[in-house]
2 protein chains.
Amino acid sequence: MIVVLQGDDRPPGMTPVERIADVRYVTERDLGKQLPDADILFMYDFWSEALARAWPEAGGPGWVHIASAGVDRLLFPALVEGDTIVTNSRGVFDGPIAEYVLGLVLAFAKDLPATLRLQAEGAWRHRETERVAGTRALVVGTGPIGRAIGRTLAAAGLRVGGIGRTARSGDPDLGEVLSDDRLHEALGEADWVVLAAPLTDRTRGMIDRVALDRMRPGARLINVGRGPLVVEDDLVAALRAGRIAGAALDVFVDEPLPAPSPLWGLPNVIVSPHMSGDVVGWRDELVRLFADNLDRRLSGRPLRNVVDKRLGYVRSGDPASSS
Amino acid sequence: MIVVLQGDDRPPGMTPVERIADVRYVTERDLGKQLPDADILFMYDFWSEALARAWPEAGGPGWVHIASAGVDRLLFPALVEGDTIVTNSRGVFDGPIAEYVLGLVLAFAKDLPATLRLQAEGAWRHRETERVAGTRALVVGTGPIGRAIGRTLAAAGLRVGGIGRTARSGDPDLGEVLSDDRLHEALGEADWVVLAAPLTDRTRGMIDRVALDRMRPGARLINVGRGPLVVEDDLVAALRAGRIAGAALDVFVDEPLPAPSPLWGLPNVIVSPHMSGDVVGWRDELVRLFADNLDRRLSGRPLRNVVDKRLGYVRSGDPASSS
């Protein structure tokens with residue numbers, strides 16, 4: 001029996017799944033009632049934090065699949081410590097997010113926000129813009145999303161480097177990868193700092209006042225990972241003081257971004273509503289990935305995207321992981 | 001003696017030129033007075049149309065160099081028919097314009113104008129966006145700017161085709177190039193139509209009602225060439241009727257775009273002030289190109305970027321042309 005945790009809408013394209021299994025769609029309210037009978041939980045409402053509260057004392061289903069790449073909101077001690085296998089939707093968002101990041105880089109370089117503002121005023125004001133070719137991007141995070149970002153920025157002529165857990169040279173997607181204890185050193189060399197790391201104890205708050213001080217005055221920060229990678233108050237202070245040139249944020253500590261946040265109105269800041277990976281058809285893609293994993297489980301083949309619950313993400317070595 | 005036609009500002013970095021020649025800086029008003037004594041004219045104010053009026057009856061200088069890629073505003077019958085050599089600034093704008101076009105493509109696909117509008121309202125509204133990889137771009141114009149656009153879009157995963165005077169297959173930058181008499185047929189296949197052609201009798205008004213009718217309802221038009229390639233009234237009608245999905249225009253029939261133009265305020269239209277190629281340092285680059293050509297002329301070597309005055313652009317076969 002499969003329990004599907006949904007928000008307002010049911011996932012599309014579930015007919016093939018319904019043909020081979022008993023599927024029950026529940027919202028947060030009824031999750032606790034259905035969960036003890038579930039063999040499998042599909043967290044289609046990947047943003048919900050209801051699972052920790054609803055988790056049966058006797059242990060939950062053997063397999064939980066989540067319709068997102070990040071699992072930071074999903075994991076809680078009983079799930080991490082128990083035998084339940086957790087899989088995620090790694091692979092669905094890589095290309096879309098990489099394009100989104102390149103779009104933000106070009107929007108800054110070509111001064112597009114000012115162009116749109118001037119257009120709204122009916123003002124014709126010529127400006128000189130920046131080339132992106134030859135500028136330097138530092139991609140923080142070496143998972144499939146960070147790799148896709150690296151490839152896409154390099155294809156547009158940027159010089160790309162990376163930050164990961166493990167240092168390596170000649171990475172095919174990210175070139176020179178420095179270990180994260182050298183983040184501060186690497187920040188000083190970058191025109192673009194792109195955050196695509198999972199949120200873990202190791203990455204939380206990595207972009208704080210000290211890190212922002214290391215960035216170049218002309219540099220921009222782009223966060224498509226998770227909001228708490230950045231200490232938002234420190235970022236606001238750095239932007240106000242002109243210590244960095246701009247920021248594009250698709251993720252925030254609290255989402256939706258609360259109305260009082262100064263980030264909404266700061267010049268040189270682009271705020272978007274956690275949508276960088278969500279292209280037309282993404283929901284179907286998420287369901288297809290779940291259905292494929294279900295097929296694997298029913299036929300005894302290894303699952304794709306098995307999360308290392310202690311690390312908080314899928315390890316790159318995982319042979320069955322999609323990427 | 002070199003006459004430099006300037007606007008408000010003198011060109012930067014002219015010291016090396018002043019060391020080897022008598023240089024006189026004039027504005028439109030004094031052009032007629034100085035021109036009869038000039039051996040060389042540097043049209044640094046490339047937007048001026050004063051030359052036709054100031055042209056001496058006895059013939060002008062032997063060489064005119066213009067600080068732009070397009071020569072449509074420069075050419076007039078006495079210049080075309082006379083012996084004066086005309087050179088342009090082909091090559092300076094290629095990479096910058098290509099990046100600008102990719103930025104516009106991504107801005108449309110990722111719905112960036114709406115993101116900025118919603119941000120200004122403090123509204124958090126998730127939307128699904130488009131992938132650009134796999135979509136089809138038709139680049140009209142096979143000069144160095146069109147080629148750079150083709151390469152840059154292809155690097156971002158778009159499928160690129162071209163329109164030129166001469167059909168060819170397997171073009172390294174543009175893939176399949178159709179001759180311009182097949183424009184209407186090609187328009188129906190494109191998600192992005194990018195205009196980078198010179199303005200000549202052959203290209204003027206090529207995007208008219210009939211052409212716009214051939215475009216796909218989801219397609220966007222991007223014009224970084226010259227305004228009169230497009231019949232603006234027809235474009236406004238097509239946009240209002242939703243016959244195409246959007247347009248980004250950096251060039252217009254009249255520049256600055258007049259305040260009453262409906263283009264300023266149409267939804268899904270991005271208006272920019274003829275700046276797509278103008279990156280920081282472009283003015284220095286333009287002067288360097290002129291200085292290099294001057295050096296060539298004084299030492300008897302072939303000039304770069306010699307314009308075919310009857311065609312209205314530099315022929316690609318020109319071995320000394322920069323690209």
# chains A, B, ... in the order shown; residues from 1 in each chain; ligands from 1
>>> residues_around(residues="region 108-122 of chain A", least_positions_apart="6", cutoff="9 Å", atoms="only C-alpha atoms", output="list in words")
Glu128, Thr129, Glu130, Arg131, Val132, Arg220, Gly246, Asn268 and Ile270 of chain A; Glu99, Tyr100, Gly103, Leu104, Ala107, Leu112, Pro113, Leu116, Ala259, Trp264, Gly265, Ile270, Val271, Ser272, Pro273, Ser276 and Val279 of chain B
>>> write_last_selection(atoms="N, CA, C and O atoms", output="mmCIF file, in the first residue's frame")
data_model
loop_
_atom_site.group_PDB
_atom_site.id
_atom_site.type_symbol
_atom_site.label_atom_id
_atom_site.label_comp_id
_atom_site.auth_asym_id
_atom_site.auth_seq_id
_atom_site.Cartn_x
_atom_site.Cartn_y
_atom_site.Cartn_z
ATOM 1 N N GLU A 128 26.530 51.146 -20.574
ATOM 2 C CA GLU A 128 27.498 50.128 -20.969
ATOM 3 C C GLU A 128 27.306 48.920 -20.066
ATOM 4 O O GLU A 128 27.017 49.058 -18.884
ATOM 5 N N THR A 129 27.440 47.743 -20.663
ATOM 6 C CA THR A 129 27.193 46.527 -19.903
ATOM 7 C C THR A 129 28.481 45.710 -19.776
ATOM 8 O O THR A 129 29.545 46.161 -20.180
ATOM 9 N N GLU A 130 28.358 44.532 -19.202
ATOM 10 C CA GLU A 130 29.533 43.695 -18.936
ATOM 11 C C GLU A 130 29.549 42.483 -19.855
ATOM 12 O O GLU A 130 28.504 41.958 -20.209
ATOM 13 N N ARG A 131 30.738 42.029 -20.192
ATOM 14 C CA ARG A 131 30.872 40.719 -20.828
ATOM 15 C C ARG A 131 30.871 39.664 -19.747
ATOM 16 O O ARG A 131 31.368 39.899 -18.642
ATOM 17 N N VAL A 132 30.308 38.489 -20.046
ATOM 18 C CA VAL A 132 30.426 37.394 -19.088
ATOM 19 C C VAL A 132 31.581 36.458 -19.457
ATOM 20 O O VAL A 132 32.160 35.818 -18.577
ATOM 21 N N ARG A 220 28.707 38.979 -7.495
ATOM 22 C CA ARG A 220 27.299 38.717 -7.155
ATOM 23 C C ARG A 220 27.162 37.304 -6.610
ATOM 24 O O ARG A 220 27.836 36.387 -7.063
ATOM 25 N N GLY A 246 25.729 42.482 -5.779
ATOM 26 C CA GLY A 246 24.351 42.073 -5.975
ATOM 27 C C GLY A 246 24.121 40.649 -5.528
ATOM 28 O O GLY A 246 25.061 39.923 -5.194
ATOM 29 N N ASN A 268 19.763 45.918 -6.629
ATOM 30 C CA ASN A 268 20.716 44.872 -7.028
ATOM 31 C C ASN A 268 20.407 43.519 -6.406
ATOM 32 O O ASN A 268 21.291 42.659 -6.331
ATOM 33 N N ILE A 270 17.695 40.300 -6.748
ATOM 34 C CA ILE A 270 16.593 39.661 -7.471
ATOM 35 C C ILE A 270 16.024 38.572 -6.572
ATOM 36 O O ILE A 270 16.745 37.665 -6.154
ATOM 37 N N GLU B 99 26.062 37.443 -26.281
ATOM 38 C CA GLU B 99 25.706 37.251 -24.867
ATOM 39 C C GLU B 99 24.385 37.951 -24.545
ATOM 40 O O GLU B 99 23.550 37.422 -23.794
ATOM 41 N N TYR B 100 24.221 39.123 -25.096
ATOM 42 C CA TYR B 100 22.997 39.882 -24.827
ATOM 43 C C TYR B 100 21.769 39.108 -25.326
ATOM 44 O O TYR B 100 20.754 39.010 -24.625
ATOM 45 N N GLY B 103 20.996 36.288 -23.091
ATOM 46 C CA GLY B 103 20.353 36.820 -21.887
ATOM 47 C C GLY B 103 18.872 37.085 -22.101
ATOM 48 O O GLY B 103 18.036 36.794 -21.228
ATOM 49 N N LEU B 104 18.520 37.601 -23.275
ATOM 50 C CA LEU B 104 17.106 37.859 -23.568
ATOM 51 C C LEU B 104 16.327 36.551 -23.703
ATOM 52 O O LEU B 104 15.201 36.432 -23.208
ATOM 53 N N ALA B 107 15.806 35.315 -20.280
ATOM 54 C CA ALA B 107 14.868 36.171 -19.542
ATOM 55 C C ALA B 107 13.426 35.804 -19.895
ATOM 56 O O ALA B 107 12.562 35.696 -19.018
ATOM 57 N N LEU B 112 11.655 36.216 -16.288
ATOM 58 C CA LEU B 112 12.326 37.163 -15.397
ATOM 59 C C LEU B 112 11.608 38.511 -15.284
ATOM 60 O O LEU B 112 11.527 39.069 -14.179
ATOM 61 N N PRO B 113 11.067 39.063 -16.382
ATOM 62 C CA PRO B 113 10.347 40.329 -16.199
ATOM 63 C C PRO B 113 9.199 40.216 -15.202
ATOM 64 O O PRO B 113 9.017 41.109 -14.363
ATOM 65 N N LEU B 116 10.583 40.181 -11.623
ATOM 66 C CA LEU B 116 10.970 41.506 -11.123
ATOM 67 C C LEU B 116 9.741 42.345 -10.793
ATOM 68 O O LEU B 116 9.728 43.099 -9.823
ATOM 69 N N ALA B 259 8.225 58.616 -27.465
ATOM 70 C CA ALA B 259 7.358 58.369 -26.310
ATOM 71 C C ALA B 259 5.992 57.793 -26.700
ATOM 72 O O ALA B 259 5.461 56.948 -25.961
ATOM 73 N N TRP B 264 6.680 50.668 -25.975
ATOM 74 C CA TRP B 264 7.126 50.898 -24.594
ATOM 75 C C TRP B 264 6.303 50.104 -23.586
ATOM 76 O O TRP B 264 6.827 49.610 -22.597
ATOM 77 N N GLY B 265 4.987 50.024 -23.853
ATOM 78 C CA GLY B 265 4.108 49.522 -22.810
ATOM 79 C C GLY B 265 3.448 48.185 -23.071
ATOM 80 O O GLY B 265 2.680 47.704 -22.238
ATOM 81 N N ILE B 270 10.289 43.671 -24.431
ATOM 82 C CA ILE B 270 11.426 44.263 -23.737
ATOM 83 C C ILE B 270 12.050 45.298 -24.665
ATOM 84 O O ILE B 270 12.450 44.975 -25.784
ATOM 85 N N VAL B 271 12.093 46.534 -24.201
ATOM 86 C CA VAL B 271 12.664 47.635 -24.972
ATOM 87 C C VAL B 271 13.999 48.028 -24.345
ATOM 88 O O VAL B 271 14.055 48.333 -23.152
ATOM 89 N N SER B 272 15.069 48.004 -25.127
ATOM 90 C CA SER B 272 16.352 48.495 -24.618
ATOM 91 C C SER B 272 16.914 49.515 -25.599
ATOM 92 O O SER B 272 16.599 49.484 -26.790
ATOM 93 N N PRO B 273 17.750 50.430 -25.100
ATOM 94 C CA PRO B 273 18.176 51.601 -25.887
ATOM 95 C C PRO B 273 19.423 51.364 -26.725
ATOM 96 O O PRO B 273 20.449 51.990 -26.492
ATOM 97 N N SER B 276 23.018 46.657 -27.077
ATOM 98 C CA SER B 276 23.331 45.235 -26.925
ATOM 99 C C SER B 276 24.820 44.942 -27.083
ATOM 100 O O SER B 276 25.335 44.006 -26.491
ATOM 101 N N VAL B 279 29.668 46.961 -24.396
ATOM 102 C CA VAL B 279 30.189 46.572 -23.082
ATOM 103 C C VAL B 279 31.249 47.573 -22.641
ATOM 104 O O VAL B 279 31.808 48.302 -23.456
#
>>> residues_around(residues="region 60-73 of chain B", least_positions_apart="6", cutoff="7 Å", atoms="only C-alpha atoms", output="list in words")
Leu35, Pro36, Ala38, Asp39, Ile40, Leu41, Phe42, Met43, Tyr44, Phe46, Glu49, Asp83, Thr84, Ile85, Val86, Thr87, Asn88, Ser89, Arg90, Pro198, Leu199, Thr200, Leu286, Gly312 and Tyr313 of chain B
>>> closest_residue(among="B:Arg214, B:Arg53, B:His126, B:Arg226", to="chain A", atoms="only C-alpha atoms")
B:His126
>>> select_by_dssp(residues="region 157-280 of chain A", states="strand (DSSP E or B)", output="NGL selection string")
:A and (159-164 or 168-171 or 175-179 or 192-195 or 207 or 220-223 or 230 or 246-249 or 269-271 or 279)
>>> atom_distance(atom1="CA of Gly242 (chain B)", atom2="CA of Gly175 (chain B)")
29.9 Å
>>> select_by_dssp(residues="region 136-275 of chain A", states="alpha helix (DSSP H)", output="VMD selection string")
chain A and resid 144 to 155 183 to 187 209 to 214 232 to 240
>>> residues_around(residues="Asp234 (chain A)", least_positions_apart="4", cutoff="12 Å", atoms="only C-alpha atoms", output="PyMOL selection string")
chain A and resi 205-213+228-230+238-241+243-244+262-263
>>> residues_around(residues="Glu18 (chain B)", least_positions_apart="5", cutoff="12 Å", atoms="only C-alpha atoms", output="number ranges by chain")
B: 1-4, 11-13, 23-25, 291, 294
>>> atom_distance(atom1="CA of Ala190 (chain B)", atom2="CA of Gly150 (chain A)")
27.8 Å
>>> closest_residue(among="A:Ala58, A:Leu298, A:Ala154, A:Leu289", to="chain B", atoms="only C-alpha atoms")
A:Ala154
>>> closest_residue(among="B:Pro217, B:Gly300, B:Gly157, B:Gly141", to="chain A", atoms="only C-alpha atoms")
B:Gly157
>>> residues_around(residues="Arg315 (chain B)", least_positions_apart="5", cutoff="9 Å", atoms="only C-alpha atoms", output="tab-separated table (two decimals) with N, CA and C atoms, in the first residue's frame")
chain	number	residue	atom	x	y	z
B	143	GLY	N	26.57	37.32	-40.94
B	143	GLY	CA	27.82	38.04	-40.69
B	143	GLY	C	28.38	37.61	-39.34
B	305	ASN	N	37.98	45.19	-42.83
B	305	ASN	CA	36.57	45.56	-42.80
B	305	ASN	C	36.18	46.54	-43.91
B	306	VAL	N	36.68	46.28	-45.12
B	306	VAL	CA	36.28	47.14	-46.24
B	306	VAL	C	34.85	46.81	-46.64
B	307	VAL	N	34.01	47.82	-46.62
B	307	VAL	CA	32.59	47.64	-46.90
B	307	VAL	C	32.37	47.56	-48.41
B	308	ASP	N	31.61	46.57	-48.82
B	308	ASP	CA	31.09	46.56	-50.20
B	308	ASP	C	29.96	47.58	-50.23
B	321	SER	N	39.22	40.94	-43.52
B	321	SER	CA	38.18	41.38	-42.59
B	321	SER	C	38.36	40.69	-41.25
>>> residues_around(residues="Gly146 (chain A)", least_positions_apart="3", cutoff="8 Å", atoms="only C-alpha atoms", output="list in words")
Asp94, Ala98, Val139, Val140, Gly141, Thr142, Gly143, Ile149, Gly150, Ala196 and Ala197 of chain A
>>> write_last_selection(atoms="C-alpha atoms", output="CSV table (one decimal), in the first residue's frame")
chain,number,residue,atom,x,y,z
A,94,ASP,CA,19.8,19.9,-13.0
A,98,ALA,CA,21.6,25.5,-14.7
A,139,VAL,CA,30.1,26.8,-7.9
A,140,VAL,CA,29.5,25.7,-4.3
A,141,GLY,CA,28.2,22.1,-4.4
A,142,THR,CA,29.4,19.3,-6.6
A,143,GLY,CA,26.2,17.3,-6.9
A,149,ILE,CA,25.6,24.7,-13.5
A,150,GLY,CA,29.4,24.4,-14.1
A,196,ALA,CA,24.0,24.7,-5.1
A,197,ALA,CA,25.0,22.7,-2.0
>>> atom_distance(atom1="CA of Val287 (chain A)", atom2="CA of Met14 (chain A)")
7.0 Å
>>> closest_residue(among="A:Gly82, A:Pro96, A:Gly170, A:Pro267", to="chain B", atoms="only C-alpha atoms")
A:Pro96
>>> residues_around(residues="Asp173 (chain A)", least_positions_apart="4", cutoff="8 Å", atoms="only C-alpha atoms", output="PyMOL selection string")
chain A and resi 147-148+150-151
>>> closest_residue(among="A:Asp254, A:Arg136, A:Phe290, A:Leu266", to="Trp124 (chain B)", atoms="only C-alpha atoms")
A:Asp254
>>> closest_residue(among="A:Pro172, A:Ser261, A:Ile97, A:Asp278", to="Gly225 (chain A)", atoms="only C-alpha atoms")
A:Ile97
